[in-house]
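Q: Contents of entry04.txt (compact mmCIF, C-alpha atoms) are given next:
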# COMPACT_ATOMS: atom_id res chain seq x y z
CA MET U 228 179.26 -54.64 -54.10
CA TYR U 229 175.70 -53.81 -53.26
CA LYS U 230 175.04 -53.87 -49.59
CA ASP U 231 172.08 -54.30 -47.35
CA TYR U 232 171.87 -51.82 -44.54
CA TYR U 233 170.08 -52.66 -41.33
CA ILE U 234 168.79 -49.83 -39.20
CA PHE U 235 168.16 -50.80 -35.60
CA SER U 236 168.24 -47.39 -33.97
CA ASN U 237 165.34 -44.98 -33.94
CA GLY U 238 165.65 -41.82 -35.96
CA LYS U 239 165.12 -40.13 -39.24
CA ILE U 240 166.19 -41.06 -42.73
CA SER U 241 166.20 -38.49 -45.46
CA ARG U 242 167.51 -37.39 -48.80
CA LYS U 243 170.33 -34.92 -48.68
CA GLU U 244 172.91 -33.96 -51.28
CA ASN U 245 171.56 -36.62 -53.63
CA THR U 246 172.36 -39.39 -51.25
CA ILE U 247 170.84 -40.75 -48.07
CA TYR U 248 171.45 -39.56 -44.54
CA PHE U 249 170.49 -41.37 -41.43
CA GLU U 250 170.11 -39.27 -38.33
CA ASP U 251 169.63 -40.95 -34.98
CA LYS U 252 167.97 -39.58 -31.86
CA GLU U 253 171.24 -37.99 -30.67
CA GLU U 254 171.41 -36.21 -34.04
CA ASN U 255 174.46 -38.08 -35.27
CA LYS U 256 174.23 -37.81 -39.01
CA LYS U 257 175.61 -40.54 -41.16
CA PRO U 258 175.63 -40.55 -44.95
CA ILE U 259 175.00 -43.81 -46.81
CA PRO U 260 176.32 -44.00 -50.39
CA ILE U 261 173.21 -44.44 -52.49
CA GLU U 262 174.94 -46.19 -55.39
CA GLN U 263 176.01 -48.99 -53.08
CA ILE U 264 172.67 -49.80 -51.47
CA GLU U 265 170.92 -53.02 -52.35
CA ARG U 266 168.18 -52.87 -49.77
CA LEU U 267 167.34 -51.08 -46.55
CA HIS U 268 165.93 -52.91 -43.56
CA PHE U 269 164.17 -50.95 -40.86
CA PHE U 270 164.02 -52.57 -37.45
CA GLY U 271 163.76 -49.38 -35.44
CA GLU U 272 161.27 -46.54 -35.50
CA ILE U 273 162.16 -44.46 -38.50
CA ASP U 274 160.70 -41.25 -39.88
CA LEU U 275 160.84 -40.83 -43.61
CA ASN U 276 159.33 -38.58 -46.22
CA THR U 277 158.34 -38.63 -49.87
CA LYS U 278 161.52 -36.94 -51.04
CA PHE U 279 163.42 -39.89 -49.66
CA ILE U 280 161.05 -42.36 -51.32
CA GLY U 281 161.48 -40.47 -54.59
CA LEU U 282 165.25 -40.80 -54.52
CA ILE U 283 165.40 -44.46 -53.60
CA SER U 284 162.80 -45.28 -56.28
CA GLN U 285 165.16 -43.89 -58.90
CA TYR U 286 167.75 -46.38 -57.75
CA ASP U 287 165.30 -49.28 -57.38
CA ILE U 288 166.06 -49.74 -53.72
CA ILE U 289 163.64 -51.85 -51.73
CA LEU U 290 162.67 -50.96 -48.18
CA ASN U 291 161.77 -53.74 -45.80
CA PHE U 292 159.99 -53.03 -42.54
CA TYR U 293 160.02 -55.21 -39.45
CA ASN U 294 158.08 -54.89 -36.21
CA TYR U 295 159.37 -54.90 -32.66
CA TYR U 296 159.73 -58.68 -32.68
CA GLY U 297 161.75 -58.67 -35.89
CA TYR U 298 158.74 -60.06 -37.73
CA TYR U 299 158.42 -58.87 -41.32
CA ILE U 300 155.54 -56.45 -41.77
CA GLY U 301 155.96 -55.21 -45.30
CA SER U 302 158.00 -53.60 -48.01
CA TYR U 303 158.07 -50.57 -50.13
CA LEU U 304 158.79 -51.60 -53.70
CA PRO U 305 159.48 -48.96 -56.34
CA ARG U 306 157.46 -49.05 -59.53
CA LYS U 307 158.24 -52.33 -61.23
CA LYS U 308 160.16 -51.65 -64.39
CA ASN U 309 160.74 -55.20 -65.52
CA VAL U 310 157.35 -56.28 -66.65
CA SER U 311 156.33 -58.82 -69.21
CA GLY U 312 152.73 -59.62 -70.02
CA LEU U 313 153.77 -62.68 -71.95
CA LEU U 314 155.53 -64.13 -68.96
CA ILE U 315 152.54 -63.57 -66.66
CA VAL U 316 150.36 -65.46 -69.13
CA LYS U 317 152.93 -68.26 -69.29
CA GLN U 318 153.31 -68.27 -65.53
CA SER U 319 149.56 -68.65 -65.09
CA GLU U 320 149.52 -71.39 -67.70
CA GLY U 321 152.07 -73.24 -65.63
CA TYR U 322 149.69 -73.08 -62.71
CA ILE U 323 146.52 -74.00 -64.58
CA PHE U 324 147.85 -77.13 -66.26
CA HIS U 325 148.09 -79.67 -63.49
CA GLU U 326 151.00 -81.56 -65.03
CA LYS U 327 153.12 -78.46 -65.37
CA ARG U 328 152.32 -77.25 -61.88
CA LEU U 329 153.11 -80.62 -60.38
CA PHE U 330 156.41 -80.68 -62.22
CA PHE U 331 157.55 -77.36 -60.79
CA ALA U 332 156.31 -78.23 -57.31
CA LYS U 333 158.21 -81.53 -57.42
CA CYS U 334 161.36 -79.75 -58.56
CA PHE U 335 161.23 -77.36 -55.60
CA VAL U 336 160.69 -80.14 -53.10
CA GLU U 337 163.33 -82.34 -54.70
CA SER U 338 165.92 -79.61 -54.53
CA ALA U 339 164.99 -78.70 -50.95
CA VAL U 340 165.36 -82.33 -49.89
CA PHE U 341 168.66 -82.59 -51.73
CA HIS U 342 170.01 -79.68 -49.68
CA ILE U 343 168.53 -81.02 -46.47
CA LEU U 344 170.38 -84.30 -47.00
CA ARG U 345 173.50 -82.38 -47.90
CA ASN U 346 173.34 -80.61 -44.54
CA LEU U 347 172.74 -83.83 -42.66
CA ARG U 348 175.66 -85.57 -44.34
CA ASN U 349 177.96 -82.98 -42.79
CA TYR U 350 177.21 -84.62 -39.47
CA LYS U 351 177.65 -88.19 -40.57
CA GLY U 352 177.64 -90.74 -37.82
CA LYS U 353 175.12 -88.83 -35.78
CA THR U 354 172.46 -88.57 -38.42
CA ASP U 355 172.70 -91.84 -40.38
CA GLU U 356 169.29 -93.01 -39.32
CA VAL U 357 167.59 -89.73 -40.23
CA ILE U 358 169.29 -89.68 -43.61
CA LYS U 359 168.00 -93.18 -44.32
CA GLU U 360 164.46 -92.28 -43.31
CA ILE U 361 164.45 -89.10 -45.38
CA GLU U 362 165.85 -90.94 -48.36
CA GLU U 363 163.00 -93.42 -48.16
CA GLU U 364 160.46 -90.63 -47.91
CA LYS U 365 162.13 -88.94 -50.86
CA GLN U 366 161.05 -91.77 -53.18
CA ASN U 367 157.45 -90.70 -52.67
CA ILE U 368 158.09 -87.28 -54.21
CA PHE U 369 158.25 -88.74 -57.67
CA LYS U 370 155.12 -90.81 -57.16
CA ALA U 371 152.96 -87.95 -55.90
CA ARG U 372 150.00 -87.10 -58.13
CA GLU U 373 148.52 -84.23 -56.14
CA ILE U 374 149.98 -81.05 -54.69
CA ASP U 375 148.53 -81.79 -51.24
CA GLU U 376 150.26 -85.14 -51.25
CA LEU U 377 153.52 -83.44 -52.11
CA MET U 378 153.07 -80.89 -49.35
CA GLY U 379 152.46 -83.76 -46.96
CA ILE U 380 155.70 -85.49 -47.97
CA GLU U 381 157.60 -82.24 -47.70
CA GLY U 382 156.08 -81.57 -44.29
CA ARG U 383 157.08 -85.01 -42.99
CA ILE U 384 160.64 -84.61 -44.24
CA ARG U 385 160.95 -81.17 -42.71
CA LYS U 386 159.59 -82.45 -39.40
CA ARG U 387 162.08 -85.29 -39.31
CA TYR U 388 164.84 -82.89 -40.31
CA TYR U 389 164.10 -80.38 -37.56
CA GLU U 390 163.79 -83.12 -34.97
CA SER U 391 167.28 -84.28 -35.85
CA PHE U 392 168.81 -80.90 -35.00
CA SER U 393 169.31 -81.88 -31.41
CA LEU U 394 171.55 -84.75 -32.57
CA PHE U 395 174.33 -82.52 -33.84
CA LEU U 396 173.83 -79.08 -32.37
CA ASN U 397 175.78 -78.09 -29.28
CA ASN U 398 172.78 -76.42 -27.94
CA ASP U 399 172.10 -75.50 -24.41
CA PHE U 400 168.77 -74.06 -25.42
CA GLY U 401 166.82 -77.29 -25.53
CA PHE U 402 164.89 -77.97 -28.71
CA SER U 403 162.37 -80.65 -29.35
CA LYS U 404 160.14 -79.69 -32.21
CA ARG U 405 159.53 -76.94 -34.68
CA GLU U 406 156.99 -74.40 -33.49
CA LYS U 407 155.79 -71.42 -35.43
CA ARG U 408 153.33 -68.66 -34.63
CA PRO U 409 154.78 -67.93 -32.14
CA PRO U 410 158.18 -69.52 -31.66
CA THR U 411 158.61 -70.42 -28.01
CA ASP U 412 162.27 -71.35 -27.72
CA PRO U 413 165.50 -69.79 -29.04
CA LEU U 414 166.15 -72.27 -31.85
CA ASN U 415 162.62 -71.90 -33.17
CA ALA U 416 162.97 -68.14 -32.97
CA LEU U 417 166.20 -68.37 -34.94
CA ILE U 418 164.67 -70.56 -37.64
CA SER U 419 161.66 -68.26 -37.95
CA PHE U 420 163.79 -65.15 -38.17
CA GLY U 421 166.14 -66.76 -40.68
CA ASN U 422 163.33 -68.00 -42.90
CA GLY U 423 161.76 -64.55 -42.79
CA MET U 424 165.02 -63.03 -44.01
CA MET U 425 165.20 -65.63 -46.75
CA TYR U 426 161.69 -64.81 -48.03
CA ASN U 427 162.66 -61.17 -48.32
CA THR U 428 165.92 -61.91 -50.06
CA VAL U 429 164.15 -64.14 -52.56
CA LEU U 430 161.39 -61.60 -53.08
CA GLY U 431 164.01 -58.95 -53.78
CA GLU U 432 165.64 -61.17 -56.39
CA ILE U 433 162.31 -62.11 -58.01
CA TYR U 434 161.65 -58.41 -58.23
CA LYS U 435 164.69 -57.94 -60.44
CA THR U 436 163.26 -60.39 -62.95
CA GLN U 437 160.00 -60.32 -64.88
CA LEU U 438 158.36 -63.01 -62.76
CA ASP U 439 155.17 -62.21 -60.91
CA PRO U 440 155.77 -63.06 -57.24
CA THR U 441 152.13 -63.91 -56.57
CA ILE U 442 151.77 -66.87 -58.95
CA SER U 443 153.27 -69.95 -57.37
CA TYR U 444 153.30 -73.70 -57.86
CA LEU U 445 154.04 -75.55 -54.66
CA HIS U 446 152.25 -73.17 -52.34
CA GLU U 447 148.72 -72.23 -53.28
CA PRO U 448 148.77 -68.74 -54.79
CA SER U 449 146.57 -66.81 -52.43
CA SER U 450 146.05 -63.14 -51.90
CA LYS U 451 148.02 -61.08 -49.42
CA ARG U 452 151.30 -62.83 -49.87
CA PHE U 453 154.03 -63.36 -52.40
CA SER U 454 153.83 -67.11 -52.59
CA LEU U 455 156.37 -67.57 -55.37
CA SER U 456 159.03 -66.34 -52.98
CA LEU U 457 157.92 -69.08 -50.56
CA ASP U 458 158.37 -71.63 -53.35
CA ILE U 459 161.85 -70.54 -54.31
CA ALA U 460 162.86 -70.05 -50.68
CA GLU U 461 162.24 -73.79 -50.14
CA ILE U 462 165.37 -74.45 -52.19
CA PHE U 463 167.52 -71.90 -50.41
CA LYS U 464 166.43 -72.29 -46.79
CA PRO U 465 168.48 -75.45 -46.22
CA LEU U 466 171.28 -74.14 -48.43
CA ILE U 467 171.74 -70.74 -46.82
CA VAL U 468 169.77 -70.22 -43.60
CA ASP U 469 170.30 -73.56 -41.88
CA PRO U 470 174.10 -73.69 -42.22
CA VAL U 471 174.26 -70.17 -40.78
CA ILE U 472 172.22 -71.33 -37.80
CA PHE U 473 174.40 -74.42 -37.30
CA TYR U 474 177.52 -72.29 -37.53
CA LEU U 475 176.29 -69.75 -34.99
CA ILE U 476 175.19 -72.39 -32.51
CA ASN U 477 178.03 -74.87 -32.86
CA ASN U 478 180.59 -72.13 -32.40
CA ARG U 479 178.64 -70.85 -29.45
CA MET U 480 178.35 -67.41 -30.96
CA LEU U 481 174.77 -67.00 -29.82
CA LYS U 482 174.12 -66.95 -26.12
CA GLU U 483 171.05 -67.15 -23.99
CA ASP U 484 170.96 -63.36 -23.59
CA ASP U 485 170.72 -62.81 -27.33
CA PHE U 486 167.11 -63.83 -26.98
CA ASP U 487 164.19 -62.23 -25.21
CA ILE U 488 161.13 -64.06 -24.00
CA GLU U 489 157.95 -62.11 -23.53
CA GLU U 490 154.66 -63.78 -22.66
CA GLY U 491 155.84 -67.10 -24.03
CA ILE U 492 157.07 -65.62 -27.29
CA CYS U 493 160.75 -66.05 -27.88
CA PHE U 494 162.54 -63.72 -30.26
CA LEU U 495 166.02 -62.49 -31.07
CA ASN U 496 166.91 -59.14 -29.57
CA ASP U 497 168.94 -56.54 -31.43
CA GLU U 498 172.30 -58.06 -30.50
CA GLY U 499 171.15 -61.50 -31.57
CA LYS U 500 169.73 -60.19 -34.82
CA LYS U 501 172.97 -58.41 -35.62
CA LYS U 502 174.99 -61.57 -35.08
CA PHE U 503 172.66 -63.59 -37.27
CA ILE U 504 172.46 -60.97 -40.02
CA LYS U 505 176.22 -60.58 -40.16
CA GLU U 506 176.75 -64.26 -40.85
CA TYR U 507 173.76 -64.38 -43.18
CA GLN U 508 175.18 -61.53 -45.25
CA ASN U 509 178.59 -63.20 -45.37
CA LYS U 510 176.91 -66.33 -46.63
CA LEU U 511 174.98 -64.48 -49.34
CA GLU U 512 178.17 -62.85 -50.53
CA THR U 513 180.16 -66.07 -50.61
CA THR U 514 181.05 -66.89 -54.18
CA ILE U 515 181.36 -70.21 -55.93
CA LYS U 516 182.51 -71.00 -59.41
CA HIS U 517 179.53 -71.53 -61.65
CA ARG U 518 179.90 -74.44 -64.02
CA SER U 519 178.06 -73.24 -67.09
CA LEU U 520 178.55 -69.51 -66.65
CA ASN U 521 182.22 -70.17 -66.03
CA ARG U 522 182.66 -67.35 -63.58
CA LYS U 523 182.25 -66.76 -59.89
CA VAL U 524 178.78 -66.06 -58.65
CA SER U 525 177.53 -65.29 -55.17
CA TYR U 526 174.79 -67.19 -53.38
CA ARG U 527 172.60 -64.16 -53.84
CA THR U 528 173.10 -64.33 -57.60
CA LEU U 529 172.29 -68.04 -57.53
CA ILE U 530 168.82 -67.09 -56.31
CA ARG U 531 168.35 -64.80 -59.28
CA LEU U 532 169.72 -67.43 -61.66
CA GLU U 533 167.08 -69.79 -60.29
CA CYS U 534 164.41 -67.25 -61.25
CA TYR U 535 165.84 -67.03 -64.76
CA LYS U 536 165.78 -70.81 -65.02
CA ILE U 537 162.10 -70.80 -64.11
CA ILE U 538 161.44 -68.15 -66.75
CA LYS U 539 163.29 -70.19 -69.34
CA ALA U 540 161.22 -73.23 -68.47
CA LEU U 541 157.97 -71.27 -68.63
CA ILE U 542 158.64 -69.87 -72.05
CA GLU U 543 159.71 -73.37 -73.06
CA ASP U 544 163.23 -72.50 -73.93
CA GLU U 545 165.01 -74.90 -71.63
CA PRO U 546 163.62 -77.58 -69.32
CA TYR U 547 163.80 -76.69 -65.64
CA LYS U 548 166.46 -78.38 -63.59
CA PRO U 549 166.37 -77.22 -59.98
CA LEU U 550 169.57 -76.17 -58.26
CA LYS U 551 171.49 -78.95 -56.60
CA ALA U 552 174.58 -77.67 -54.88
CA TRP U 553 177.48 -79.40 -56.59
CA TRP U 554 180.34 -77.95 -54.61
CA MET L 246 187.96 -53.72 -56.01
CA PHE L 247 188.75 -51.45 -53.09
CA VAL L 248 189.58 -47.83 -53.83
CA ILE L 249 190.82 -44.86 -51.90
CA ILE L 250 190.19 -41.52 -53.53
CA THR L 251 191.84 -38.34 -52.32
CA TYR L 252 191.24 -34.99 -53.87
CA ASP L 253 192.63 -31.52 -53.77
CA VAL L 254 190.17 -29.20 -55.41
CA SER L 255 189.76 -25.45 -55.43
CA GLU L 256 187.38 -24.21 -52.75
CA SER L 257 184.63 -23.21 -55.14
CA ARG L 258 184.29 -26.78 -56.42
CA VAL L 259 185.24 -28.84 -53.43
CA ASN L 260 181.68 -29.34 -52.23
CA LYS L 261 180.51 -30.43 -55.64
CA VAL L 262 183.20 -33.08 -55.84
CA ARG L 263 182.47 -34.23 -52.31
CA LYS L 264 178.77 -34.59 -53.11
CA VAL L 265 179.46 -36.84 -56.09
CA LEU L 266 181.93 -39.06 -54.25
CA LYS L 267 179.53 -39.38 -51.35
CA LYS L 268 177.05 -41.17 -53.57
CA TYR L 269 179.53 -43.92 -54.38
CA LEU L 270 181.97 -44.25 -51.52
CA ILE L 271 182.27 -43.89 -47.80
CA TRP L 272 183.66 -40.71 -46.37
CA THR L 273 186.79 -41.39 -44.31
CA GLN L 274 188.40 -38.04 -43.63
CA ASN L 275 188.36 -34.58 -45.14
CA SER L 276 189.17 -35.04 -48.84
CA VAL L 277 189.39 -38.82 -48.53
CA PHE L 278 186.86 -41.41 -49.56
CA GLU L 279 187.18 -45.16 -49.63
CA GLY L 280 185.14 -48.26 -50.26
CA VAL L 281 184.50 -51.34 -52.31
CA ILE L 282 183.25 -50.54 -55.79
CA THR L 283 182.92 -52.18 -59.18
CA GLU L 284 184.93 -51.08 -62.16
CA ALA L 285 181.83 -49.81 -63.95
CA LYS L 286 180.59 -47.83 -60.96
CA LEU L 287 184.00 -46.26 -60.51
CA TYR L 288 184.04 -45.25 -64.14
CA LYS L 289 180.59 -43.71 -63.75
CA CYS L 290 181.69 -41.89 -60.64
CA LEU L 291 184.86 -40.53 -62.21
CA SER L 292 183.06 -39.33 -65.30
CA GLU L 293 180.71 -37.40 -63.03
CA VAL L 294 183.64 -35.86 -61.19
CA ASN L 295 185.33 -35.08 -64.48
CA ARG L 296 182.56 -32.72 -65.43
CA ILE L 297 183.10 -30.67 -62.28
CA MET L 298 186.87 -30.62 -62.03
CA ASP L 299 189.11 -28.06 -63.60
CA LYS L 300 192.00 -30.13 -64.82
CA ARG L 301 194.44 -27.22 -64.71
CA GLU L 302 193.99 -26.55 -61.01
CA ASP L 303 192.52 -29.61 -59.33
CA SER L 304 193.83 -33.06 -58.72
CA LEU L 305 192.28 -36.32 -57.74
CA TYR L 306 194.22 -39.46 -56.85
CA ILE L 307 192.76 -42.93 -57.10
CA TYR L 308 194.43 -45.79 -55.27
CA LYS L 309 193.15 -49.19 -56.27
CA VAL L 310 193.48 -52.47 -54.46
CA GLU L 311 192.36 -55.16 -56.85
CA ASN L 312 191.96 -57.78 -54.18
CA PRO L 313 190.39 -56.33 -51.02
CA LYS L 314 191.84 -59.28 -49.10
CA ASN L 315 195.30 -57.76 -49.52
CA LEU L 316 194.30 -54.76 -47.54
CA SER L 317 194.70 -54.01 -43.91
CA LYS L 318 193.64 -50.79 -42.33
CA ASP L 319 194.81 -49.38 -39.03
CA VAL L 320 193.64 -46.19 -37.45
CA LEU L 321 195.60 -44.07 -35.00
CA GLY L 322 193.54 -41.70 -32.93
CA ILE L 323 189.84 -41.44 -33.57
CA CYS L 324 188.06 -43.20 -36.38
CA LYS L 325 185.92 -40.44 -37.82
CA ASN L 326 183.41 -42.58 -39.60
CA PRO L 327 183.35 -46.23 -38.61
CA GLU L 328 181.75 -48.26 -41.38
CA ASP L 329 178.94 -50.52 -40.39
CA MET L 330 176.00 -52.16 -42.06
CA PHE L 331 174.05 -51.77 -38.84
CA LEU L 332 172.93 -48.28 -37.98
With the file now loaded, output its structure as structure tokens.

A:
Amino acid sequence: MYKDYYIFSNGKISRKENTIYFEDKEENKKPIPIEQIERLHFFGEIDLNTKFIGLISQYDIILNFYNYYGYYIGSYLPRKKNVSGLLIVKQSEGYIFHEKRLFFAKCFVESAVFHILRNLRNYKGKTDEVIKEIEEEKQNIFKAREIDELMGIEGRIRKRYYESFSLFLNNDFGFSKREKRPPTDPLNALISFGNGMMYNTVLGEIYKTQLDPTISYLHEPSSKRFSLSLDIAEIFKPLIVDPVIFYLINNRMLKEDDFDIEEGICFLNDEGKKKFIKEYQNKLETTIKHRSLNRKVSYRTLIRLECYKIIKALIEDEPYKPLKAWW
Amino acid sequence: MFVIITYDVSESRVNKVRKVLKKYLIWTQNSVFEGVITEAKLYKCLSEVNRIMDKREDSLYIYKVENPKNLSKDVLGICKNPEDMFL
């Protein structure tokens, strides 16, 4: 029921009549029902004030800000209400003890690779060779003794995976290899934008639990970023973002003019972003029947359930079994 | 669940009712709100409205569509408030 709202126009957002009003440059006012907001994403230039912040904090709404290129610049997070000192201690313990850390890191990679293979199997015939290679590489995950080693394996699998895109995508864009910082061709831009959205979604879900988003296992917990959301996003990138990309490209929904290229940097323009976000939201809201909960849950909820599973493992209630899409 | 709420409330209270509904649903037309909402949220919303309404004079109708897939909506003339997640 909760919805994400994406604001692309420039204007003003404010509190009025106990709900939120967005007013664009032409002074068209539009109310947004506050009880239905999950998150607000600001892509345009928006003015806001403290009264607005006060209201959305009451409802625990997260604001995400993006720059001109659609690159994530930051969030406003209301005061965290779900806190647990015990869990932070346990979370740190999981990092400090090498065995524990390695176990979690392996789980994330294992699950990511499982979903990568799942994607590739959808294009059987074209990708047999890649699948075989990745499956061989996969064996090394269980043998790894160091985190760096694991990162190396994961990196090689990802590289092979991205290279194989050209085998099954109807793309007229031309894509050879994955490039970040900055993406130089449309497919790279799409992957970067999609992964960015995923990090935010995961961060938002972590925020609903007691986990501390800065303590991570696969990625080195460093300052200035929420590395736990990078860890958990590993699982969901191939499960959610990549199929959306394949769908958009194979159905030729994205065209050349949905992208802008400026000084060698390729990025999605507003039209392109809207198309991507629409499909991405649909995907997050898709429900599947959960086996042990015995009810329907959305992909978005699956992310939160993953956080709960990590908590359970940390407090040694239940051993962690990473998500492996069974449907 | 998808709901359509229409209300007919005495002038002195009409704005109060509108304000409450606005928090939960999307304004469609004068005295009409609609939107997808959970059972619990609807209950919360209605209990808020209940406090404002005068049951002897005012009325509020709630139309529920349990499965939003069974719903089709057509508009003749202008659509006063097109719903969109992009603003």

Q: Extending 4 Å beyond the listed atoms of segment 304-313 of chain L on each side, what axis-aligned box results? I want centre and edge lengths in Å to one decimal, as AutoDock Vina command-line options.

A:
--center_x 192.4 --center_y -45.4 --center_z -54.9 --size_x 12.0 --size_y 32.7 --size_z 15.7

Q: Dump as a list in words all residues having an atom at most 10 Å from (165.6, -92.0, -46.4), computed in the file's coordinates with all atoms listed in the file.

A: Leu344, Asp355, Glu356, Val357, Ile358, Lys359, Glu360, Ile361, Glu362, Glu363, Glu364, Lys365, Gln366 and Ile384 of chain U

Q: Using only C-alpha atoms, find the one residue out of L:Glu311, L:Glu328, L:Asp299, L:Asp253 that sits nearest to chain U.

A: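 Among the listed residues, L:Glu328 lies closest to chain U.
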
Q: Using Å and a single decimal, report how far atom CA of Lys286 of chain L sits from atom CA of Thr273 of chain L.

A: 18.9 Å

Q: Go ahead and compute the interatomic distance for atom CA of His446 of chain U and atom CA of Ile368 of chain U, in Å to one decimal.

A: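 These atoms are spaced 15.4 Å apart.
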
Q: Measure the distance from atom CA of Tyr232 of chain U to atom CA of Leu267 of chain U in Å and round it to one decimal.

A: 5.0 Å

Q: Output the contact residues of chain L with respect to chain U at a cut-off of 7 Å, based on all atoms listed in the file, as a ChimeraX atom specification.

A: /L:264,267-271,281-283,330-332

Q: Got a sec: who's within 10 Å of Leu481 of chain U, counting all atoms listed in the file, leaving out chain neighbours fewer than 4 positions off, as a PyMOL selection string?

A: chain U and resi 398+413+472+474-477+485-486+495+498-500+502-503

Q: Give me the residues near segment 334-340 of chain U as number ranges by chain, where near means some atom within 9 Å (using only C-alpha atoms) and where sequence neighbours in that chain fewer than 4 positions away do not count.

A: U: 329-330, 344-345, 361-362, 365, 368-369, 377-378, 380-381, 384-385, 445, 458-466, 547-552

Q: Might you pull out every residue within 10 Å of Trp554 of chain U, with all atoms listed in the file counted and same-chain residues fewer than 3 positions away left off, and present them as a short mmCIF file (atom, residue, chain, number, x, y, z; two decimals) with C-alpha atoms, in the coordinates of the input?

A:
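Result file follows (out13.cif):
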data_model
loop_
_atom_site.label_atom_id
_atom_site.label_comp_id
_atom_site.auth_asym_id
_atom_site.auth_seq_id
_atom_site.Cartn_x
_atom_site.Cartn_y
_atom_site.Cartn_z
CA ILE U 515 181.36 -70.21 -55.93
CA LYS U 516 182.51 -71.00 -59.41
CA HIS U 517 179.53 -71.53 -61.65
CA LYS U 551 171.49 -78.95 -56.60
#

Q: Within 12 Å of (194.6, -46.2, -43.1) (file coordinates; all atoms listed in the file), which protein or nucleic acid residues are there? I'd like them as a VMD selection string.

A: chain L and resid 248 to 249 273 to 274 277 to 279 316 to 325

Q: Can you list, as a JSON list (two decimals) with C-alpha atoms, keeping the file's coordinate frame, every protein, DNA or RNA residue that comes within 12 Å of Ser304 of chain L when you count only C-alpha atoms, leaving out same-chain residues fewer than 6 positions away?

A:
[["chain", "number", "residue", "atom", "x", "y", "z"],
["L", 250, "ILE", "CA", 190.19, -41.52, -53.53],
["L", 251, "THR", "CA", 191.84, -38.34, -52.32],
["L", 252, "TYR", "CA", 191.24, -34.99, -53.87],
["L", 253, "ASP", "CA", 192.63, -31.52, -53.77],
["L", 254, "VAL", "CA", 190.17, -29.20, -55.41],
["L", 255, "SER", "CA", 189.76, -25.45, -55.43],
["L", 258, "ARG", "CA", 184.29, -26.78, -56.42],
["L", 259, "VAL", "CA", 185.24, -28.84, -53.43],
["L", 262, "VAL", "CA", 183.20, -33.08, -55.84],
["L", 276, "SER", "CA", 189.17, -35.04, -48.84],
["L", 294, "VAL", "CA", 183.64, -35.86, -61.19],
["L", 295, "ASN", "CA", 185.33, -35.08, -64.48],
["L", 297, "ILE", "CA", 183.10, -30.67, -62.28],
["L", 298, "MET", "CA", 186.87, -30.62, -62.03]]

Q: Fewer than 5 positions away in the same chain doesn't count, so skip those; otherwise give me all residues within 7 Å of segment 522-532 of chain U, counting all atoms listed in the file, as a CSV table (one decimal) with C-alpha atoms, keeping the file's coordinate frame.

A:
chain,number,residue,atom,x,y,z
U,429,VAL,CA,164.2,-64.1,-52.6
U,432,GLU,CA,165.6,-61.2,-56.4
U,433,ILE,CA,162.3,-62.1,-58.0
U,511,LEU,CA,175.0,-64.5,-49.3
U,512,GLU,CA,178.2,-62.8,-50.5
U,513,THR,CA,180.2,-66.1,-50.6
U,514,THR,CA,181.0,-66.9,-54.2
U,515,ILE,CA,181.4,-70.2,-55.9
U,516,LYS,CA,182.5,-71.0,-59.4
U,517,HIS,CA,179.5,-71.5,-61.6
